Amino acid sequence: MQIDTSGLRVEVDNRTASYTSVHSSDGELIIACSDMTIVEEDLTDHALKHIEAFKPSTVVLDCNLSLKTINNVLAHVQISSGRIIIEPTSLVKSRKIGSLNHPVDLITPTVNEMNAIYESIDQNGRFNDDWFEVIDTLKLDDIQRFILKGKLLELYNEGIIQKCFRILPFARNILLKLGKHGVLTLGQTKESIFMAARKSQIQTANFYIDYYPVPPENENLEIVNMTGAGDSMLGYLISHYRTLDKEKLMRNCQLASGLSISHAEAINPHLKNIQ
């Protein structure tokens with residue numbers, strides 16, 4: 001697999017980033033620690049230099065970066081009308097999203113990261129009560145039918161879905177990773193970044209919601225290595241969100257994640273065979 005290394009920056013005097021985690025037998029994270037000091041300095045000049053050189057239509061950031069770097073890149077990309085996707089990275093680091101100076105096009109949190117993002121925005125006093133009037137355009141009966149059972153009902157009862165809607169002024173689309181329960185996507189209808197051959201499972205003039213269960217191929221996987229599962233999902237999404245119908249995209253993103261956790265290496269060479 002060939003990777004373009006022209007944008008890499010070598011730091012001779014800094015420690016290489018490291019990450020250690022402990023997972024349960026079914027793949028759930030128990031505890032993790034990391035040292036990402038090398039990317040926590042201000043990397044604005046380096047990032048903008050390469051954004052200017054390559055002029056990407058989509059810029060992907062993760063929350064290992066310093067808040068200053070993220071906000072500076074956001075400001076630059078907003079001017080050029082590019083899309084910004086942010087991977088929250090961890091519960092602690094996801095809180096940076098609550099201090100962003102500009103809205104982003106997509107975030108890809110887990111449930112715990114979503115809670116942390118919500119708390120950060122709330123603690124920063126950034127919620128606007130006027131947004132409730134927009135949320136009220138949703139039909140409660142439709143939502144209740146949509147989340148009638150299983151994991152979605154659990155998320156609704158815990159207030160997670162409601163929190164997602166409150167966050168939409170700051171992140172126009174949300175892909176909520178539910179692990180073995182699939183993924184939930186929701187966002188502002190007019191700001192959706194996804195291609196769709198049909199209407200969403202719930203869709204109004206302002207909002208859409210879709211739920212995608214785990215594909216049959218991912219059921220009862222033998223977990224070999226959890227490293228790279230989220231990155232494989234995000235990598236597939238970034239590569240194909242402009243060309244694949246959303247339903248197929250979400251299926252294949254989950255297949256990519258499944259291939260990752262069932263392989264000893266972080267990048268499963270069979271990723272390229274996903275159809």
# chains A, B, ... in the order shown; residues from 1 in each chain; ligands from 1

$ residues_around --residues "A:Glu191" --least-positions-apart "4" --cutoff "8 Å" --atoms "only C-alpha atoms" --output "NGL selection string"
:A and (105 or 172-173 or 187)

$ write_last_selection --atoms "N, CA and C atoms" --output "PDB file, in the first residue's frame"
ATOM      1  N   ASP A 105     -18.476  20.320   9.360  1.00  0.00           N
ATOM      2  CA  ASP A 105     -19.446  19.611   8.527  1.00  0.00           C
ATOM      3  C   ASP A 105     -19.821  18.241   9.074  1.00  0.00           C
ATOM      4  N   ARG A 172     -22.728  20.151  11.747  1.00  0.00           N
ATOM      5  CA  ARG A 172     -23.939  20.075  10.922  1.00  0.00           C
ATOM      6  C   ARG A 172     -24.398  18.641  10.664  1.00  0.00           C
ATOM      7  N   ASN A 173     -23.464  17.701  10.730  1.00  0.00           N
ATOM      8  CA  ASN A 173     -23.777  16.283  10.571  1.00  0.00           C
ATOM      9  C   ASN A 173     -23.032  15.506  11.652  1.00  0.00           C
ATOM     10  N   GLY A 187     -28.516  15.024  11.158  1.00  0.00           N
ATOM     11  CA  GLY A 187     -27.945  16.316  10.821  1.00  0.00           C
ATOM     12  C   GLY A 187     -28.971  17.271  10.270  1.00  0.00           C
TER      13      GLY A 187
END

$ closest_atom_pairs --of "stretch 187-229 of chain A" --to "stretch 240-249 of chain A" --cutoff "7 Å" --atoms "only C-alpha atoms" --output "Markdown table"
| residue | atom | partner | partner_atom | distance |
| --- | --- | --- | --- | --- |
| A:Phe194 | CA | A:Lys246 | CA | 5.9 |
| A:Met195 | CA | A:Asp245 | CA | 5.1 |
| A:Ala196 | CA | A:Asp245 | CA | 5.1 |
| A:Ala197 | CA | A:Asp245 | CA | 6.2 |

$ write_last_selection --atoms "C-alpha atoms" --output "tab-separated table (two decimals), in the first residue's frame"
chain	number	residue	atom	x	y	z
A	194	PHE	CA	-24.04	12.46	2.11
A	195	MET	CA	-25.42	11.19	-1.18
A	196	ALA	CA	-28.82	9.54	-0.76
A	197	ALA	CA	-30.90	7.61	-3.28

$ closest_residue --among "A:Ile79, A:Ala17, A:Thr5, A:Tyr211" --to "A:Leu153" --atoms "only C-alpha atoms"
A:Tyr211

$ closest_atom_pairs --of "stretch 68-90 of chain A" --to "stretch 215-238 of chain A" --cutoff "10 Å" --atoms "only C-alpha atoms" --output "JSON lines"
{"residue": "A:Ile85", "atom": "CA", "partner": "A:Ile238", "partner_atom": "CA", "distance": 8.7}
{"residue": "A:Ile86", "atom": "CA", "partner": "A:Leu234", "partner_atom": "CA", "distance": 9.8}
{"residue": "A:Glu87", "atom": "CA", "partner": "A:Leu234", "partner_atom": "CA", "distance": 8.1}
{"residue": "A:Thr89", "atom": "CA", "partner": "A:Gly230", "partner_atom": "CA", "distance": 8.9}

$ atom_distance --atom1 "atom CA of A:Ala171" --atom2 "atom CA of A:His23"
29.3 Å

$ residues_around --residues "stretch 48-65 of chain A" --least-positions-apart "6" --cutoff "8 Å" --atoms "only C-alpha atoms" --output "VMD selection string"
chain A and resid 7 36 39 to 41 73 76 to 77 82 to 90 93 to 94 96 to 97

$ select_by_dssp --residues "stretch 156-271 of chain A" --states "strand (DSSP E)" --output "list in words"
Asn173, Ile174, Leu175, Leu176, Lys177, Val183, Leu184, Thr185, Leu186, Gly187, Gln188, Ile202, Gln203, Phe207, Tyr208, Ile209, Asp210, Tyr211 and Tyr212 of chain A

$ write_last_selection --atoms "C-alpha atoms" --output "CSV table (one decimal), in the first residue's frame"
chain,number,residue,atom,x,y,z
A,173,ASN,CA,-23.8,16.3,10.6
A,174,ILE,CA,-23.1,13.6,13.2
A,175,LEU,CA,-22.1,10.0,12.6
A,176,LEU,CA,-22.6,8.4,16.0
A,177,LYS,CA,-20.6,5.2,16.4
A,183,VAL,CA,-24.2,3.7,13.5
A,184,LEU,CA,-26.7,6.5,13.8
A,185,THR,CA,-26.5,9.5,11.5
A,186,LEU,CA,-28.3,12.8,11.9
A,187,GLY,CA,-27.9,16.3,10.8
A,188,GLN,CA,-29.3,19.4,9.1
A,202,ILE,CA,-36.9,10.5,9.3
A,203,GLN,CA,-36.6,13.7,7.3
A,207,PHE,CA,-33.4,17.5,10.0
A,208,TYR,CA,-32.7,14.0,9.0
A,209,ILE,CA,-32.1,10.8,11.0
A,210,ASP,CA,-30.9,7.4,9.8
A,211,TYR,CA,-29.9,4.2,11.6
A,212,TYR,CA,-27.7,1.5,10.1

$ atom_distance --atom1 "atom CA of A:Leu155" --atom2 "atom CA of A:Val111"
8.7 Å

$ atom_distance --atom1 "atom CA of A:Phe146" --atom2 "atom CA of A:Thr189"
17.3 Å

$ select_by_dssp --residues "stretch 21-218 of chain A" --states "helix (DSSP H, G or I)" --output "PyMOL selection string"
chain A and resi 37-39+44-54+67-79+93-99+111-123+131-135+140-146+150-157+160-167+179-181+189-191+216-218

$ residues_around --residues "A:Ala256" --least-positions-apart "2" --cutoff "7 Å" --atoms "only C-alpha atoms" --output "MDAnalysis selection string"
chainID A and resid 232:233 236 252:254 258:260 271

$ residues_around --residues "A:Gly159" --least-positions-apart "4" --cutoff "12 Å" --atoms "only C-alpha atoms" --output "list in words"
Val111, Met114, Asn115, Tyr118, Leu152, Leu153, Glu154, Leu155, Lys163, Cys164, Phe165 and Arg166 of chain A

$ write_last_selection --atoms "C-alpha atoms" --output "mmCIF file, in the first residue's frame"
data_model
loop_
_atom_site.group_PDB
_atom_site.id
_atom_site.type_symbol
_atom_site.label_atom_id
_atom_site.label_comp_id
_atom_site.auth_asym_id
_atom_site.auth_seq_id
_atom_site.Cartn_x
_atom_site.Cartn_y
_atom_site.Cartn_z
ATOM 1 C CA VAL A 111 -21.587 7.864 22.694
ATOM 2 C CA MET A 114 -20.793 12.804 22.349
ATOM 3 C CA ASN A 115 -21.584 13.296 26.026
ATOM 4 C CA TYR A 118 -22.215 18.283 24.817
ATOM 5 C CA LEU A 152 -32.067 3.514 19.813
ATOM 6 C CA LEU A 153 -34.629 3.487 22.609
ATOM 7 C CA GLU A 154 -31.784 3.217 25.097
ATOM 8 C CA LEU A 155 -30.044 6.206 23.502
ATOM 9 C CA LYS A 163 -28.062 16.034 22.806
ATOM 10 C CA CYS A 164 -27.092 15.317 19.208
ATOM 11 C CA PHE A 165 -29.812 17.653 17.954
ATOM 12 C CA ARG A 166 -28.650 20.424 20.262
#
